[in-house]
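Here's input26.cif, which has mmCIF, C-alpha atoms (C1' of nucleotides):
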data_final
loop_
_atom_site.label_atom_id
_atom_site.label_comp_id
_atom_site.auth_asym_id
_atom_site.auth_seq_id
_atom_site.Cartn_x
_atom_site.Cartn_y
_atom_site.Cartn_z
CA MET G 1 46.40 -30.26 13.04
CA ARG G 2 45.74 -28.71 9.65
CA ILE G 3 45.93 -25.04 8.82
CA ALA G 4 42.22 -24.36 9.18
CA GLU G 5 42.15 -25.72 12.70
CA LEU G 6 45.24 -23.83 13.77
CA ALA G 7 43.75 -20.67 12.33
CA ALA G 8 40.42 -21.20 14.08
CA ARG G 9 42.13 -21.80 17.42
CA HIS G 10 43.74 -18.41 17.18
CA GLY G 11 40.83 -16.60 15.63
CA LEU G 12 42.66 -16.11 12.35
CA GLN G 13 42.03 -17.04 8.72
CA SER G 14 44.19 -19.64 7.06
CA SER G 15 45.42 -17.04 4.63
CA ALA G 16 46.85 -15.03 7.52
CA ILE G 17 48.93 -17.97 8.65
CA ARG G 18 50.23 -18.55 5.15
CA TYR G 19 51.04 -14.87 5.03
CA TYR G 20 52.97 -14.97 8.31
CA GLU G 21 54.91 -17.92 7.00
CA LYS G 22 55.73 -16.15 3.77
CA GLU G 23 56.87 -13.11 5.74
CA GLY G 24 59.20 -15.22 7.83
CA LEU G 25 57.38 -14.89 11.14
CA LEU G 26 56.47 -18.55 11.24
CA GLY G 27 58.78 -21.36 10.13
CA THR G 28 57.74 -23.80 7.43
CA PRO G 29 55.81 -26.66 9.04
CA LEU G 30 55.93 -30.33 8.09
CA ARG G 31 53.98 -31.35 5.00
CA LYS G 32 51.78 -34.33 4.37
CA ASN G 33 50.90 -34.70 0.72
CA GLY G 34 51.77 -31.11 0.19
CA ARG G 35 49.58 -29.86 3.03
CA ARG G 36 50.81 -28.13 6.14
CA VAL G 37 50.59 -30.16 9.34
CA TYR G 38 51.07 -28.46 12.69
CA SER G 39 51.99 -29.92 16.05
CA ALA G 40 50.91 -28.31 19.31
CA GLU G 41 54.42 -26.89 19.78
CA SER G 42 54.63 -25.45 16.31
CA ALA G 43 51.75 -23.22 17.36
CA TYR G 44 53.60 -21.39 20.08
CA PRO G 45 55.02 -18.60 17.94
CA LEU G 46 51.48 -17.93 16.83
CA VAL G 47 50.42 -17.30 20.43
CA LEU G 48 53.13 -14.67 20.66
CA ILE G 49 52.26 -13.15 17.31
CA CYS G 50 48.61 -12.77 18.26
CA PHE G 51 49.42 -11.37 21.65
CA ALA G 52 51.98 -8.92 20.31
CA LYS G 53 49.57 -7.78 17.62
CA GLN G 54 46.95 -7.05 20.25
CA THR G 55 49.52 -5.11 22.18
CA GLY G 56 50.10 -2.85 19.22
CA PHE G 57 53.22 -4.22 17.60
CA THR G 58 53.49 -4.32 13.83
CA LEU G 59 54.43 -7.53 12.04
CA GLY G 60 57.83 -6.03 11.34
CA GLU G 61 58.41 -5.48 15.04
CA ILE G 62 57.15 -8.96 15.86
CA LYS G 63 59.59 -10.43 13.38
CA LEU G 64 62.32 -8.52 15.13
CA LEU G 65 61.15 -9.83 18.47
CA LEU G 66 61.17 -13.42 17.28
CA HIS G 67 64.26 -13.51 15.08
CA GLY G 68 66.05 -10.19 15.40
CA PHE G 69 68.13 -10.97 18.49
CA PRO G 70 70.98 -13.36 19.24
CA ALA G 71 69.39 -16.66 20.22
CA THR G 72 70.51 -16.32 23.84
CA THR G 73 68.82 -12.98 24.40
CA PRO G 74 66.30 -13.38 27.25
CA ALA G 75 62.67 -12.75 26.41
CA GLY G 76 62.42 -9.92 28.91
CA VAL G 77 65.25 -8.04 27.23
CA ARG G 78 63.63 -8.41 23.81
CA TRP G 79 60.27 -7.16 25.02
CA ARG G 80 61.79 -4.21 26.86
CA ARG G 81 63.82 -3.20 23.82
CA LEU G 82 60.67 -3.00 21.71
CA ALA G 83 58.21 -1.89 24.37
CA ARG G 84 60.05 1.28 25.29
CA LYS G 85 59.56 2.77 21.85
CA LYS G 86 55.99 1.51 21.59
CA ILE G 87 55.03 3.00 24.94
CA LYS G 88 56.25 6.38 23.76
CA GLU G 89 54.23 6.07 20.57
CA LEU G 90 51.14 5.04 22.48
CA THR G 91 51.46 7.80 25.03
CA ALA G 92 51.72 10.36 22.26
CA MET G 93 48.74 8.83 20.50
CA ILE G 94 46.62 8.89 23.62
CA ALA G 95 47.45 12.51 24.26
CA ARG G 96 46.55 13.35 20.68
CA ALA G 97 43.31 11.42 20.87
CA GLN G 98 42.36 13.15 24.08
CA ALA G 99 43.02 16.52 22.49
CA MET G 100 40.78 15.52 19.60
CA GLU G 101 38.10 14.42 22.01
CA LYS G 102 38.24 17.82 23.63
CA MET G 103 38.01 19.58 20.26
CA LEU G 104 35.02 17.45 19.37
CA GLY G 105 33.38 18.32 22.67
CA SER G 106 33.76 21.99 21.83
CA LEU G 107 32.49 21.41 18.31
CA MET G 108 29.31 19.95 19.76
CA ARG G 109 28.62 23.37 21.18
CA CYS G 110 29.25 25.21 17.89
CA ARG G 111 26.70 27.97 17.29
CA CYS G 112 27.83 29.06 13.84
CA ARG G 113 25.13 29.34 11.22
CA THR G 114 27.39 28.50 8.28
CA LEU G 115 30.59 26.57 7.83
CA GLU G 116 32.13 29.71 6.42
CA GLN G 117 31.59 31.34 9.77
CA CYS G 118 33.44 28.46 11.44
CA ALA G 119 36.25 28.80 8.95
CA ARG G 120 36.58 32.53 9.70
CA GLY G 121 36.83 31.72 13.39
CA LEU G 122 39.44 29.10 12.71
CA SER G 123 41.55 31.19 10.39
CA LYS G 124 41.58 33.96 12.95
CA HIS G 125 43.15 31.41 15.26
CA MET G 126 45.59 30.37 12.61
CA ARG G 127 46.72 33.84 11.75
CA GLU G 128 47.15 34.96 15.36
CA PRO G 129 48.54 31.93 17.10
CA GLY G 130 49.12 33.70 20.41
CA GLY G 131 46.19 36.06 20.06
CA GLY G 132 43.89 36.72 22.98
CA ASN G 133 40.59 37.04 21.12
CA ARG G 134 38.35 34.05 21.67
CA SER G 135 36.49 32.91 18.64
CA ARG G 136 33.12 31.35 19.08
CA LEU G 137 34.69 27.92 18.65
CA LYS G 138 37.39 27.79 21.22
CA PHE G 139 39.97 25.22 20.15
CA SER G 140 43.66 25.61 20.08
CA LEU G 141 44.88 24.60 16.67
CA GLU G 142 48.03 23.02 17.94
CA GLY G 143 50.45 21.60 15.43
CA THR G 144 50.41 22.46 11.78
CA CYS G 145 47.99 21.09 9.31
CA ARG G 146 49.05 17.67 8.15
CA MET C 1 47.38 33.02 -5.38
CA ARG C 2 48.64 29.92 -7.17
CA ILE C 3 48.38 26.37 -5.93
CA ALA C 4 51.85 26.22 -4.42
CA GLU C 5 51.21 29.27 -2.26
CA LEU C 6 47.81 28.04 -1.09
CA ALA C 7 49.36 24.70 -0.24
CA ALA C 8 52.22 26.27 1.67
CA ARG C 9 49.83 28.45 3.65
CA HIS C 10 48.09 25.38 4.90
CA GLY C 11 51.13 23.18 5.28
CA LEU C 12 50.09 20.93 2.43
CA GLN C 13 51.59 19.81 -0.85
CA SER C 14 50.07 20.99 -4.09
CA SER C 15 49.25 17.42 -4.98
CA ALA C 16 47.04 17.14 -1.90
CA ILE C 17 44.99 20.13 -3.01
CA ARG C 18 44.55 18.68 -6.48
CA TYR C 19 43.53 15.44 -4.83
CA TYR C 20 40.91 17.15 -2.65
CA GLU C 21 39.54 18.82 -5.74
CA LYS C 22 39.38 15.55 -7.62
CA GLU C 23 37.58 13.96 -4.67
CA GLY C 24 35.01 16.72 -4.64
CA LEU C 25 35.98 18.32 -1.34
CA LEU C 26 37.12 21.52 -2.99
CA GLY C 27 35.35 23.16 -5.90
CA THR C 28 37.14 23.88 -9.16
CA PRO C 29 38.87 27.25 -8.92
CA LEU C 30 39.25 29.85 -11.66
CA ARG C 31 41.94 29.19 -14.26
CA LYS C 32 44.45 31.51 -15.83
CA ASN C 33 46.16 29.94 -18.83
CA GLY C 34 45.12 26.57 -17.53
CA ARG C 35 46.52 27.13 -14.06
CA ARG C 36 44.50 27.24 -10.89
CA VAL C 37 44.13 30.68 -9.31
CA TYR C 38 42.76 31.02 -5.80
CA SER C 39 41.22 33.98 -4.04
CA ALA C 40 41.38 34.40 -0.28
CA GLU C 41 37.76 33.25 -0.01
CA SER C 42 38.26 30.17 -2.12
CA ALA C 43 40.63 29.04 0.59
CA TYR C 44 38.05 28.83 3.33
CA PRO C 45 36.97 25.23 2.75
CA LEU C 46 40.63 24.29 3.05
CA VAL C 47 40.75 25.76 6.54
CA LEU C 48 37.88 23.50 7.49
CA ILE C 49 39.38 20.48 5.79
CA CYS C 50 42.68 20.90 7.61
CA PHE C 51 40.98 21.48 10.92
CA ALA C 52 38.63 18.53 10.54
CA LYS C 53 41.50 16.27 9.51
CA GLN C 54 43.39 17.23 12.67
CA THR C 55 40.30 16.49 14.67
CA GLY C 56 40.26 12.96 13.33
CA PHE C 57 37.69 13.05 10.54
CA THR C 58 38.30 11.09 7.37
CA LEU C 59 38.07 12.78 3.99
CA GLY C 60 34.80 10.96 3.42
CA GLU C 61 33.35 12.43 6.58
CA ILE C 62 34.65 15.86 5.70
CA LYS C 63 32.99 15.63 2.32
CA LEU C 64 29.77 14.78 4.11
CA LEU C 65 30.23 17.76 6.41
CA LEU C 66 30.78 20.13 3.51
CA HIS C 67 28.29 18.83 0.95
CA GLY C 68 26.20 16.11 2.53
CA PHE C 69 23.55 18.31 4.14
CA PRO C 70 20.80 20.56 2.79
CA ALA C 71 22.37 23.96 2.20
CA THR C 72 20.43 25.54 5.05
CA THR C 73 21.68 23.10 7.70
CA PRO C 74 23.48 25.13 10.38
CA ALA C 75 27.14 24.38 10.90
CA GLY C 76 26.57 23.35 14.50
CA VAL C 77 24.08 20.69 13.48
CA ARG C 78 26.48 19.28 10.89
CA TRP C 79 29.34 19.07 13.34
CA ARG C 80 27.22 17.48 16.05
CA ARG C 81 25.91 14.86 13.65
CA LEU C 82 29.44 13.76 12.78
CA ALA C 83 31.11 14.41 16.11
CA ARG C 84 28.89 12.12 18.11
CA LYS C 85 30.06 9.04 16.24
CA LYS C 86 33.67 10.18 16.20
CA ILE C 87 33.72 10.80 19.94
CA LYS C 88 32.57 7.24 20.50
CA GLU C 89 35.27 5.94 18.21
CA LEU C 90 37.91 8.01 19.92
CA THR C 91 36.83 7.03 23.41
CA ALA C 92 37.03 3.37 22.46
CA MET C 93 40.42 3.92 20.89
CA ILE C 94 41.76 5.67 23.94
CA ALA C 95 40.56 2.89 26.20
CA ARG C 96 42.21 0.33 23.97
CA ALA C 97 45.44 2.29 23.82
CA GLN C 98 45.52 2.62 27.57
CA ALA C 99 45.01 -1.12 27.93
CA MET C 100 47.92 -1.66 25.55
CA GLU C 101 50.05 0.74 27.54
CA LYS C 102 49.32 -1.26 30.66
CA MET C 103 50.20 -4.52 28.92
CA LEU C 104 53.44 -3.00 27.73
CA GLY C 105 54.21 -1.84 31.25
CA SER C 106 53.80 -5.41 32.46
CA LEU C 107 55.90 -6.71 29.59
CA MET C 108 58.75 -4.47 30.69
CA ARG C 109 58.86 -6.54 33.87
CA CYS C 110 58.90 -9.88 32.04
CA ARG C 111 61.37 -12.33 33.62
CA CYS C 112 60.99 -15.20 31.14
CA ARG C 113 64.19 -16.61 29.82
CA THR C 114 62.78 -17.65 26.47
CA LEU C 115 59.90 -16.52 24.31
CA GLU C 116 58.57 -20.04 24.48
CA GLN C 117 58.17 -19.55 28.22
CA CYS C 118 56.17 -16.38 27.58
CA ALA C 119 54.01 -18.22 25.09
CA ARG C 120 53.26 -20.94 27.61
CA GLY C 121 52.21 -18.33 30.13
CA LEU C 122 50.01 -16.68 27.56
CA SER C 123 48.36 -19.82 26.30
CA LYS C 124 47.54 -20.74 29.87
CA HIS C 125 45.64 -17.47 29.98
CA MET C 126 43.98 -18.23 26.69
CA ARG C 127 42.86 -21.68 27.60
CA GLU C 128 41.47 -20.70 31.02
CA PRO C 129 39.83 -17.34 30.41
CA GLY C 130 38.32 -17.05 33.88
CA GLY C 131 41.11 -18.91 35.63
CA GLY C 132 42.57 -17.61 38.86
CA ASN C 133 46.20 -18.62 38.34
CA ARG C 134 48.42 -15.68 37.66
CA SER C 135 51.06 -16.31 35.07
CA ARG C 136 54.35 -14.55 35.40
CA LEU C 137 53.21 -12.02 32.82
CA LYS C 138 50.02 -10.69 34.21
CA PHE C 139 47.94 -9.24 31.41
CA SER C 140 44.37 -9.89 30.77
CA LEU C 141 44.01 -11.07 27.22
CA GLU C 142 40.80 -9.27 26.64
CA GLY C 143 39.18 -9.67 23.26
CA THR C 144 39.98 -12.48 20.90
CA CYS C 145 43.00 -12.55 18.70
CA ARG C 146 42.37 -10.39 15.69
"C1'" DC Q 1 32.77 -42.90 -9.07
"C1'" DT Q 2 31.75 -38.49 -8.19
"C1'" DA Q 3 30.70 -34.24 -5.76
"C1'" DG Q 4 32.31 -31.09 -2.83
"C1'" DA Q 5 35.18 -29.47 0.88
"C1'" DA Q 6 39.70 -28.18 1.92
"C1'" DG Q 7 44.28 -27.63 0.58
"C1'" DT Q 8 48.14 -25.73 -2.69
"C1'" DT Q 9 50.52 -21.74 -5.48
"C1'" DG Q 10 51.56 -17.01 -7.26
"C1'" DA Q 11 49.53 -12.88 -8.49
"C1'" DA Q 12 46.47 -9.37 -8.00
"C1'" DG Q 13 43.12 -6.69 -5.26
"C1'" DT Q 14 41.75 -4.02 -0.99
"C1'" DT Q 15 41.77 0.42 2.05
"C1'" DG Q 16 42.77 5.67 2.60
"C1'" DA Q 17 45.23 9.46 1.62
"C1'" DC Q 18 47.95 10.78 -0.79
"C1'" DT Q 19 52.78 11.02 -3.79
"C1'" DT Q 20 55.34 10.13 -7.75
"C1'" DT Q 21 56.05 9.79 -12.57
"C1'" DA Q 22 55.79 10.84 -17.40
"C1'" DA Q 23 54.90 13.84 -20.78
"C1'" DG Q 24 53.56 18.10 -21.93
"C1'" DT Q 25 52.36 23.57 -21.38
"C1'" DC Q 26 53.51 28.20 -20.02
"C1'" DA Q 27 55.91 32.42 -18.21
"C1'" DA Q 28 60.00 34.89 -16.70
"C1'" DG Q 29 64.82 36.00 -16.80
"C1'" DC Q 30 69.18 36.05 -19.32
"C1'" DG Y 1 66.21 31.90 -28.33
"C1'" DC Y 2 67.00 29.16 -24.38
"C1'" DT Y 3 66.86 27.51 -19.85
"C1'" DT Y 4 64.62 26.99 -15.61
"C1'" DG Y 5 60.89 26.39 -12.69
"C1'" DA Y 6 56.07 26.10 -11.81
"C1'" DC Y 7 52.26 24.23 -13.47
"C1'" DT Y 8 48.95 20.75 -16.08
"C1'" DT Y 9 47.02 15.79 -16.76
"C1'" DA Y 10 46.16 10.77 -16.14
"C1'" DA Y 11 47.99 6.84 -14.42
"C1'" DA Y 12 50.66 4.28 -11.49
"C1'" DG Y 13 53.02 3.65 -7.03
"C1'" DT Y 14 53.15 3.64 -1.77
"C1'" DC Y 15 52.19 1.67 2.96
"C1'" DA Y 16 50.47 -2.58 6.05
"C1'" DA Y 17 48.28 -6.56 6.63
"C1'" DC Y 18 45.97 -9.22 4.71
"C1'" DT Y 19 42.18 -11.27 1.37
"C1'" DT Y 20 40.67 -12.81 -2.93
"C1'" DC Y 21 41.24 -15.06 -7.25
"C1'" DA Y 22 42.40 -18.54 -10.67
"C1'" DA Y 23 43.81 -22.82 -11.58
"C1'" DC Y 24 44.99 -26.86 -9.78
"C1'" DT Y 25 45.40 -31.13 -6.43
"C1'" DT Y 26 43.93 -34.04 -2.71
"C1'" DC Y 27 40.89 -36.02 0.76
"C1'" DT Y 28 36.30 -37.66 2.39
"C1'" DA Y 29 31.44 -39.04 2.21
"C1'" DG Y 30 27.84 -41.19 -0.10
#
Just give me the structure of the file as structure tokens.
Amino acid sequence: MRIAELAARHGLQSSAIRYYEKEGLLGTPLRKNGRRVYSAESAYPLVLICFAKQTGFTLGEIKLLLHGFPATTPAGVRWRRLARKKIKELTAMIARAQAMEKMLGSLMRCRCRTLEQCARGLSKHMREPGGGNRSRLKFSLEGTCR
Amino acid sequence: MRIAELAARHGLQSSAIRYYEKEGLLGTPLRKNGRRVYSAESAYPLVLICFAKQTGFTLGEIKLLLHGFPATTPAGVRWRRLARKKIKELTAMIARAQAMEKMLGSLMRCRCRTLEQCARGLSKHMREPGGGNRSRLKFSLEGTCR
DNA sequence: CTAGAAGTTGAAGTTGACTTTAAGTCAAGC
DNA sequence: GCTTGACTTAAAGTCAACTTCAACTTCTAG
């Protein structure tokens, strides 16, 4: 199998495979006249890479998964080690996204005539974080800017 | 107020404010001996920028919000125009994140001894998309790789 | 034999939202 | 007068995950 076929099978571009190789995620395959030749088995790390990418791991984390443990470390242990942190990240991200969704829902009901009016409402919020006065746009500006 | 104070008030770095100005989000403020001087009012677009950023808008979208509509366009209309698209994006993202979370939860229960074993389980899934055989790792590999 | 498709390499470009750096200006305090 | 710190500019650097480019080689079909 040549690089283009391997790439196509996994829905990637050839350049991505070369990149993974350069980054040390994939080993260097056999060559035939200078060209990479892949066996069915040599494709298995690619299955993992694609799956892990879909699951939200970065290439750095995937490299760790593949080569960052003593060779005898069971797969389950490796996944758990990495997944714990990733689950936390994801949970936080989901919460944040849901908060944004809520803000956007409120924004859809904005009745301000000008943006300046919105800004006044918002800065009221910002200056009196615990204040009881409801501005026309009722969001909580949780977290600092940035 | 000089740039450092304005920045601090909004939890930004001075360089970010200069950047927003360069990108046309903020107008050019008055100068005193070449240095930017801000009034309380000149800060109001910054309130909006910070808020919109938190809500998930890109700087490009924020620029559109601030300057991409006829001057008479009510704030509510502007927000709605942009929010609709963003809500869709967010909803999709949340769904995807939740799917990832579920996958990660399953991964935590992985009992494979080697990663190669995982890969075999996964490629089984990939080769028989509608297949009824449950591999040890039970995720649905929805969507193609990449 | 030749055109063109597919492969090779290293280096540079892409995206967004900035930050950092270099080199210079300006004001305040000692 | 001198130092320190805050500011100015344009240009370059950062991050991740690739892609694109330039220049070259090799394989395949006609």
request  = For the file shown, report as a ChimeraX atom specification the outcome of the PyMOL selection byres ((chain G) within 10 of (chain Y)) at residue level.
outcome  = /G:13,15-16,19-20,33-35,58-60
What residues in chain Q lie within 12 Å of chain G, counting only C-alpha atoms (C1' of nucleotides), written as a compact mmCIF listing (two decimals) with C-alpha atoms (C1' of nucleotides), keeping the file's coordinate frame?
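The resulting file, result_38.txt, is shown below:
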# COMPACT_ATOMS: atom_id res chain seq x y z
C1' DA Q 6 39.70 -28.18 1.92
C1' DG Q 7 44.28 -27.63 0.58
C1' DT Q 8 48.14 -25.73 -2.69
C1' DT Q 9 50.52 -21.74 -5.48
C1' DG Q 10 51.56 -17.01 -7.26
C1' DA Q 17 45.23 9.46 1.62
C1' DC Q 18 47.95 10.78 -0.79
Put chain G on top of chain C with a least-squares fit on all C-alpha atoms, paired in order, and send it back as a short mmCIF file (atom, residue, chain, number, x, y, z; two decimals) with C-alpha atoms, in the frame of the given file.
data_model
loop_
_atom_site.label_atom_id
_atom_site.label_comp_id
_atom_site.auth_asym_id
_atom_site.auth_seq_id
_atom_site.Cartn_x
_atom_site.Cartn_y
_atom_site.Cartn_z
CA MET G 1 47.27 33.06 -5.46
CA ARG G 2 48.60 29.99 -7.23
CA ILE G 3 48.35 26.44 -5.99
CA ALA G 4 51.82 26.31 -4.46
CA GLU G 5 51.16 29.34 -2.31
CA LEU G 6 47.78 28.11 -1.16
CA ALA G 7 49.34 24.78 -0.29
CA ALA G 8 52.19 26.39 1.63
CA ARG G 9 49.79 28.56 3.62
CA HIS G 10 48.05 25.46 4.86
CA GLY G 11 51.11 23.31 5.25
CA LEU G 12 50.07 21.02 2.41
CA GLN G 13 51.59 19.91 -0.88
CA SER G 14 50.07 21.07 -4.13
CA SER G 15 49.26 17.49 -5.00
CA ALA G 16 47.06 17.25 -1.92
CA ILE G 17 44.98 20.19 -3.06
CA ARG G 18 44.58 18.72 -6.52
CA TYR G 19 43.57 15.50 -4.84
CA TYR G 20 40.94 17.20 -2.68
CA GLU G 21 39.57 18.86 -5.78
CA LYS G 22 39.41 15.59 -7.65
CA GLU G 23 37.62 14.00 -4.69
CA GLY G 24 35.02 16.73 -4.67
CA LEU G 25 35.99 18.35 -1.38
CA LEU G 26 37.11 21.55 -3.03
CA GLY G 27 35.33 23.17 -5.98
CA THR G 28 37.14 23.85 -9.23
CA PRO G 29 38.83 27.25 -8.99
CA LEU G 30 39.20 29.83 -11.75
CA ARG G 31 41.88 29.17 -14.35
CA LYS G 32 44.37 31.49 -15.94
CA ASN G 33 46.11 29.92 -18.89
CA GLY G 34 45.14 26.55 -17.61
CA ARG G 35 46.51 27.16 -14.12
CA ARG G 36 44.46 27.28 -10.96
CA VAL G 37 44.07 30.72 -9.39
CA TYR G 38 42.70 31.04 -5.88
CA SER G 39 41.13 34.00 -4.14
CA ALA G 40 41.30 34.46 -0.38
CA GLU G 41 37.68 33.28 -0.07
CA SER G 42 38.19 30.19 -2.17
CA ALA G 43 40.58 29.07 0.55
CA TYR G 44 38.02 28.86 3.31
CA PRO G 45 36.95 25.27 2.72
CA LEU G 46 40.59 24.35 3.01
CA VAL G 47 40.73 25.81 6.52
CA LEU G 48 37.87 23.53 7.47
CA ILE G 49 39.39 20.52 5.77
CA CYS G 50 42.68 20.96 7.60
CA PHE G 51 41.00 21.53 10.91
CA ALA G 52 38.66 18.58 10.53
CA LYS G 53 41.55 16.35 9.52
CA GLN G 54 43.42 17.31 12.66
CA THR G 55 40.34 16.53 14.66
CA GLY G 56 40.31 13.01 13.32
CA PHE G 57 37.76 13.09 10.54
CA THR G 58 38.39 11.14 7.37
CA LEU G 59 38.12 12.83 3.98
CA GLY G 60 34.88 10.96 3.41
CA GLU G 61 33.42 12.43 6.57
CA ILE G 62 34.69 15.89 5.68
CA LYS G 63 33.01 15.64 2.31
CA LEU G 64 29.82 14.78 4.11
CA LEU G 65 30.26 17.74 6.39
CA LEU G 66 30.77 20.13 3.51
CA HIS G 67 28.30 18.82 0.95
CA GLY G 68 26.26 16.07 2.56
CA PHE G 69 23.57 18.24 4.16
CA PRO G 70 20.80 20.46 2.83
CA ALA G 71 22.34 23.87 2.23
CA THR G 72 20.39 25.44 5.09
CA THR G 73 21.66 23.04 7.73
CA PRO G 74 23.46 25.07 10.42
CA ALA G 75 27.14 24.34 10.93
CA GLY G 76 26.59 23.31 14.53
CA VAL G 77 24.11 20.63 13.50
CA ARG G 78 26.51 19.23 10.91
CA TRP G 79 29.39 19.05 13.35
CA ARG G 80 27.28 17.44 16.06
CA ARG G 81 25.95 14.83 13.65
CA LEU G 82 29.49 13.75 12.78
CA ALA G 83 31.17 14.40 16.12
CA ARG G 84 28.95 12.10 18.12
CA LYS G 85 30.13 9.04 16.24
CA LYS G 86 33.74 10.20 16.19
CA ILE G 87 33.78 10.80 19.94
CA LYS G 88 32.63 7.24 20.49
CA GLU G 89 35.36 5.93 18.21
CA LEU G 90 37.98 8.03 19.94
CA THR G 91 36.88 7.05 23.41
CA ALA G 92 37.10 3.39 22.46
CA MET G 93 40.51 3.94 20.92
CA ILE G 94 41.83 5.70 23.98
CA ALA G 95 40.62 2.94 26.24
CA ARG G 96 42.27 0.38 23.99
CA ALA G 97 45.50 2.33 23.88
CA GLN G 98 45.55 2.65 27.63
CA ALA G 99 45.05 -1.09 27.98
CA MET G 100 47.97 -1.64 25.63
CA GLU G 101 50.08 0.76 27.63
CA LYS G 102 49.32 -1.25 30.73
CA MET G 103 50.21 -4.52 28.98
CA LEU G 104 53.47 -2.99 27.82
CA GLY G 105 54.23 -1.85 31.35
CA SER G 106 53.80 -5.42 32.54
CA LEU G 107 55.89 -6.73 29.67
CA MET G 108 58.74 -4.51 30.82
CA ARG G 109 58.83 -6.58 33.96
CA CYS G 110 58.86 -9.93 32.12
CA ARG G 111 61.28 -12.41 33.70
CA CYS G 112 60.92 -15.24 31.22
CA ARG G 113 64.13 -16.70 29.87
CA THR G 114 62.69 -17.71 26.50
CA LEU G 115 59.83 -16.54 24.36
CA GLU G 116 58.44 -20.05 24.53
CA GLN G 117 58.07 -19.59 28.24
CA CYS G 118 56.08 -16.40 27.63
CA ALA G 119 53.92 -18.21 25.13
CA ARG G 120 53.16 -20.97 27.65
CA GLY G 121 52.11 -18.34 30.16
CA LEU G 122 49.92 -16.67 27.59
CA SER G 123 48.27 -19.81 26.33
CA LYS G 124 47.45 -20.78 29.88
CA HIS G 125 45.57 -17.51 30.03
CA MET G 126 43.89 -18.21 26.74
CA ARG G 127 42.76 -21.67 27.63
CA GLU G 128 41.41 -20.71 31.06
CA PRO G 129 39.87 -17.33 30.53
CA GLY G 130 38.41 -17.09 34.03
CA GLY G 131 41.17 -19.07 35.69
CA GLY G 132 42.67 -17.91 38.96
CA ASN G 133 46.28 -18.95 38.39
CA ARG G 134 48.53 -15.98 37.77
CA SER G 135 51.13 -16.51 35.14
CA ARG G 136 54.40 -14.73 35.45
CA LEU G 137 53.22 -12.18 32.90
CA LYS G 138 50.01 -10.88 34.29
CA PHE G 139 47.94 -9.46 31.44
CA SER G 140 44.35 -10.08 30.73
CA LEU G 141 44.04 -11.13 27.13
CA GLU G 142 40.80 -9.33 26.58
CA GLY G 143 39.14 -9.64 23.21
CA THR G 144 39.97 -12.31 20.72
CA CYS G 145 42.99 -12.31 18.55
CA ARG G 146 42.48 -10.12 15.53
#
query = What gap, in Å, lies between CA of Ala95 (chain G) and CA of Leu6 (chain C)?
reply =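 Atom-to-atom, CA of Ala95 (chain G) and CA of Leu6 (chain C) are spaced 29.7 Å apart.
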ask   = Smallest atom-to-atom distance to chain G: which of C:Met108, C:Leu26, C:Leu65, C:Ala52, using all atoms listed in the file?
value = C:Met108
task = Specify as a count of residues only all residues of chain G found within 6 Å of chain C, counting all atoms listed in the file.
result = 23
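Across the model, the gap from C1' of DT20 (chain Q) to CA of Glu21 (chain C) is 18.1 Å.
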task = Work out how far apart CA of Met1 (chain G) and CA of Ser39 (chain G) are and give it in Å to one decimal.
result =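 Going from CA of Met1 (chain G) over to CA of Ser39 (chain G), I get 6.4 Å.
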query = Which of these residues is nearest to Glu61 (chain C), using all atoms listed in the file: C:Leu30, C:Lys85, C:Ser14, C:Val37?
reply =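 Selected residue with least distance to Glu61 (chain C): C:Lys85.
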